[in-house]
Amino acid sequence: MNTFRLALRALSRNKMRSALTMLGIIIGVGAVIAVVSIGQGAQYIVQQGIQAMGTNAVFISAGSNRAGGVRQGYGGVKTLTMDDLNAILQEIPLIKEASPALSSRQQVVYGNQNWNTQITGITPNYFEIRTWPVQAGSAFSDEEVDIAANVCVLGTTVEKILFVDENPIGKTIRIGNLPFRVDGVLESKGQNVTGQDQDDVIFAPYTTVQRKISGITWLQFIAASAVSQEASVAAVAPITSLLRERHRIRNGDDDDFLIRTQADIADLQNQTQSTMTYLLGGIASVSLLVGGIGIMNIMLVSVTERTREIGVRMAVGATEDDVRRQFLVEAVTLSMMGGFIGIILGLVGSALISNLLGWPTLISGKAIIAAVIFSAAVGIFFGYYPAHKAAQLDPIEALRYE
Amino acid sequence: MAAECRAGSNEVFETHLMADQIIVAPDLPGANPTKKPVIRLENVFKTYDLGEVQVQALRGVSLEIYEGEFVAVMGPSGSGKSTIMNILGCLDRPTKGRYFLDGVDVSGMSKTELARIRNRKLGFVFQQFNLLSRTSALENVELPTVYAGIGPEERTKRAMEALTRVGLAQRAGHHPSQLSGGQQQRVAIARGLVNRPSILLADEPTGNLDSRTSVEIMDILQTLNNEQGITIVLVTHEPDIAQYAKRNLLFRDGKLKRDILVQDRLVAQEVLKTLPTVEQQAAEDAEEENQRQAKNDTLA
């Protein structure tokens, strides 16, 4: 457009000043783009991790604690039982498998190594539900569950601490004060979404844990898998009504359990990540504001310096609107050029950092569009006052200006 | 008939020609009552309100200027000559009275309307040239056409025409910093002409130029006036410059005191022949320097 080219000519008369003025916008936009892109890369990684947990899974935890994330309800609510689990398996065909789970922290000893860790009682189908394979030895059997055998499967962290380089299969460790035979070692799962080490755990038959270790008869949670991903979502309602009936919960009262599907966990994580990313982006936008103030300052100086020029333009026929438009366009040109450069720098920066971290480089189309709109808005908003001042100059005074 | 012409003095204007009379010579268009004036001021007053004090810059000025005239406006500071130029140039409005430009009453027009009038009907030339720096001569001359909403090709064409008229077509791409004072003023004149206005208004156009260049500029103005009939109104405090015009208006204390035809008008072409050229000037200066040295040597 014509006015745009004229603005470029005017700005190029003082290249250094124009470049320095754009710097604030460049940094602001670049920072926002980089932060959002990196944040999205991080989100993607986390989502992948969540997927790895098993997509058809449904987790029912005792206790109505609704404060975010999957919490294994330690204590409090005692109403979740094996009978509930069996009822679910029997009456809800969408659910294929279910395993009970209850935990207790115990001191664990082997030789002269000891460690305090979580002992979780389950049935062996838990590993399948959680897609958590055994890498050495084997899981215990259903028969061993029936007889509450003193057998266990170790997570890799526990294995490394207790056994260092020794082969743990077949060896006996002490859990609490009871001897347990190690049947297998699980594959490493790494950290979970809330940062806890998932490999710092020992699994044993739930019957053993209930009767010999913790002494409780109820369950802390039930891990179930549905026949499909859609089924896992569809199963939430029937499980809810079944449990409410079994637990004799009246209409209007809260559930005394919490059901989470894979999708729920994924969503929650997504939300948290998003919020974080946009919060950081918002902070980075502060520099956009500073950049805008910079533009306003420079435009004001520019107007003062060009007072004579404005007088001449008015003398040869420029109206107030012409003058105002000219300076507004110059300001917007500055801010949008800064915006484009910032976008490019931001993308390059985020690509570099993502590469360094081994994350995928995700380009957020939304963030780019927002950056473009914001740059234009900053230009218009902060350029308006100087443009207005320029337009209001009296041509006679302006022509006399030294 | 001694004219007291002390250069730079404010008392210069008391020529003894005819005291206090408005003279209209038979060959001026004003003598023919059916011809309409390009500029007509009707009892114009201009008062500036400075809070406690009110300054009356113009007190009932009436005058007419016809097409093809070449008028010089003179007066000491505070006489109202600058104010008159501002009003004629539609940069300011009269407090009372009316200003008819090309028959149209512009005294009550809005700022925007006045801007359009300036663009179409007036050309300005300033003492300090007022060209845009770091911009080519061509683009400088184009400036008024930008505000006339003319397309890029037509703009360039008109600007080149104007530059040709002032003899600077070959310098179209130069920036003001690459042009001499005289050349810059010529670019400014071209800018003033580019929209083919009725009137050229010049405010001390030779104020920043040396003697020879001043005459060159007056030559251009006289040529434009003679050959193309452009009406020229210029403000000056130098009586020499005023002698190049055809008519002089003398202002004092906000009133038009004298309106006289110029006798013994100077013709720039002729004057140029009598002035030394740059080379001759250099030779003269060298000669002067030698003579002075010789005198010093003999004294020593």
# chains A, B, ... in the order shown; residues from 1 in each chain; ligands from 1
>>> interface_residues(of="chain B", to="chain A", cutoff="9 Å", atoms="only C-alpha atoms", output="VMD selection string")
chain B and resid 86 89 to 92 111 to 120 122 to 124 130 to 135 143 to 148 191 to 192
>>> residues_around(residues="Pro94 in chain B", least_positions_apart="2", cutoff="8 Å", atoms="only C-alpha atoms", output="list in words")
Val44, Phe45, Lys46, Ile87, Asp92, Lys96, Gly97, Arg98, Tyr99 and Ser107 of chain B
>>> residues_around(residues="Thr361 in chain A", least_positions_apart="2", cutoff="10 Å", atoms="only C-alpha atoms", output="list in words")
Ser37, Ile38, Gly39, Gln40, Gly41, Ala42, Tyr44, Leu347, Val348, Ser350, Ala351, Leu352, Ile353, Ser354, Asn355, Gly358, Trp359, Ile363 and Ser364 of chain A
>>> write_last_selection(atoms="C-alpha atoms", output="CSV table (one decimal), in the first residue's frame")
chain,number,residue,atom,x,y,z
A,37,SER,CA,6.3,-23.1,21.4
A,38,ILE,CA,8.5,-24.7,24.0
A,39,GLY,CA,5.5,-25.1,26.4
A,40,GLN,CA,3.6,-26.9,23.7
A,41,GLY,CA,6.6,-29.2,23.1
A,42,ALA,CA,6.6,-30.0,26.7
A,44,TYR,CA,3.3,-33.1,23.8
A,347,LEU,CA,10.6,-19.7,16.3
A,348,VAL,CA,14.4,-20.1,15.7
A,350,SER,CA,12.4,-22.4,20.4
A,351,ALA,CA,13.7,-24.7,17.7
A,352,LEU,CA,17.2,-24.5,19.1
A,353,ILE,CA,16.0,-25.1,22.7
A,354,SER,CA,13.6,-27.9,21.8
A,355,ASN,CA,16.4,-29.6,19.9
A,358,GLY,CA,15.1,-33.5,22.6
A,359,TRP,CA,11.6,-32.2,22.4
A,363,ILE,CA,4.7,-24.2,16.0
A,364,SER,CA,1.6,-22.7,17.5
>>> closest_atom_pairs(of="range 211-279 of chain B", to="range 61-77 of chain B", cutoff="9 Å", atoms="only C-alpha atoms", output="Markdown table")
| residue | atom | partner | partner_atom | distance |
| --- | --- | --- | --- | --- |
| B:Leu221 | CA | B:Phe70 | CA | 8.9 |
| B:Gln222 | CA | B:Phe70 | CA | 8.1 |
| B:Asn225 | CA | B:Gly68 | CA | 6.4 |
| B:Asn226 | CA | B:Gly68 | CA | 7.9 |
| B:Gln228 | CA | B:Gly68 | CA | 8.4 |
| B:Gly229 | CA | B:Gly68 | CA | 4.6 |
| B:Ile230 | CA | B:Gly68 | CA | 5.5 |
| B:Thr231 | CA | B:Gly68 | CA | 4.5 |
| B:Ile232 | CA | B:Phe70 | CA | 4.8 |
| B:Val233 | CA | B:Val71 | CA | 4.7 |
| B:Leu234 | CA | B:Ala72 | CA | 4.9 |
| B:Val235 | CA | B:Val73 | CA | 4.6 |
| B:Thr236 | CA | B:Met74 | CA | 5.6 |
| B:His237 | CA | B:Met74 | CA | 5.8 |
| B:Glu238 | CA | B:Met74 | CA | 8.2 |
| B:Pro239 | CA | B:Met74 | CA | 8.2 |
| B:Ile241 | CA | B:Ala72 | CA | 8.4 |
| B:Ala242 | CA | B:Ala72 | CA | 5.5 |
| B:Gln243 | CA | B:Ala72 | CA | 8.3 |
| B:Tyr244 | CA | B:Ala72 | CA | 8.5 |
| B:Ala245 | CA | B:Phe70 | CA | 5.2 |
| B:Lys246 | CA | B:Phe70 | CA | 5.3 |
| B:Arg247 | CA | B:Val71 | CA | 4.8 |
| B:Asn248 | CA | B:Ala72 | CA | 4.8 |
| B:Leu249 | CA | B:Val73 | CA | 4.8 |
| B:Leu250 | CA | B:Met74 | CA | 4.9 |
| B:Phe251 | CA | B:Gly75 | CA | 4.8 |
| B:Arg252 | CA | B:Gly75 | CA | 5.9 |
| B:Asp253 | CA | B:Pro76 | CA | 8.7 |
| B:Gly254 | CA | B:Val61 | CA | 7.7 |
| B:Lys255 | CA | B:Val61 | CA | 5.9 |
| B:Leu256 | CA | B:Val61 | CA | 6.2 |
>>> residues_around(residues="range 30-34 of chain A", least_positions_apart="2", cutoff="7 Å", atoms="only C-alpha atoms", output="number ranges by chain")
A: 26-28, 36-38, 281, 284-285, 342-343, 345-347, 349-350, 367-368
>>> write_last_selection(atoms="C-alpha atoms", output="mmCIF file, in the first residue's frame")
data_model
loop_
_atom_site.group_PDB
_atom_site.id
_atom_site.type_symbol
_atom_site.label_atom_id
_atom_site.label_comp_id
_atom_site.auth_asym_id
_atom_site.auth_seq_id
_atom_site.Cartn_x
_atom_site.Cartn_y
_atom_site.Cartn_z
ATOM 1 C CA ILE A 26 11.153 -7.909 18.807
ATOM 2 C CA ILE A 27 12.179 -9.143 22.223
ATOM 3 C CA GLY A 28 8.622 -9.172 23.526
ATOM 4 C CA VAL A 36 4.554 -20.860 23.931
ATOM 5 C CA SER A 37 6.279 -23.123 21.420
ATOM 6 C CA ILE A 38 8.503 -24.714 24.043
ATOM 7 C CA GLY A 281 3.566 -16.214 27.829
ATOM 8 C CA ALA A 284 6.744 -12.393 28.473
ATOM 9 C CA SER A 285 4.107 -10.078 27.034
ATOM 10 C CA GLY A 342 10.253 -11.271 16.740
ATOM 11 C CA ILE A 343 8.183 -14.166 15.434
ATOM 12 C CA LEU A 345 13.546 -15.077 16.170
ATOM 13 C CA GLY A 346 11.112 -16.714 18.581
ATOM 14 C CA LEU A 347 10.647 -19.709 16.290
ATOM 15 C CA GLY A 349 15.006 -19.800 19.451
ATOM 16 C CA SER A 350 12.383 -22.355 20.352
ATOM 17 C CA ALA A 367 0.359 -17.794 19.057
ATOM 18 C CA ILE A 368 1.717 -16.432 15.791
#
>>> select_by_dssp(residues="range 115-207 of chain A", states="strand (DSSP E)", output="number ranges by chain")
A: 115-122, 134-137, 151-154, 172-175, 178-186, 201-205
>>> atom_distance(atom1="CA of Val286 in chain A", atom2="CA of Thr333 in chain A")
20.4 Å
>>> atom_distance(atom1="CA of Phe59 in chain A", atom2="CA of Arg260 in chain A")
5.1 Å
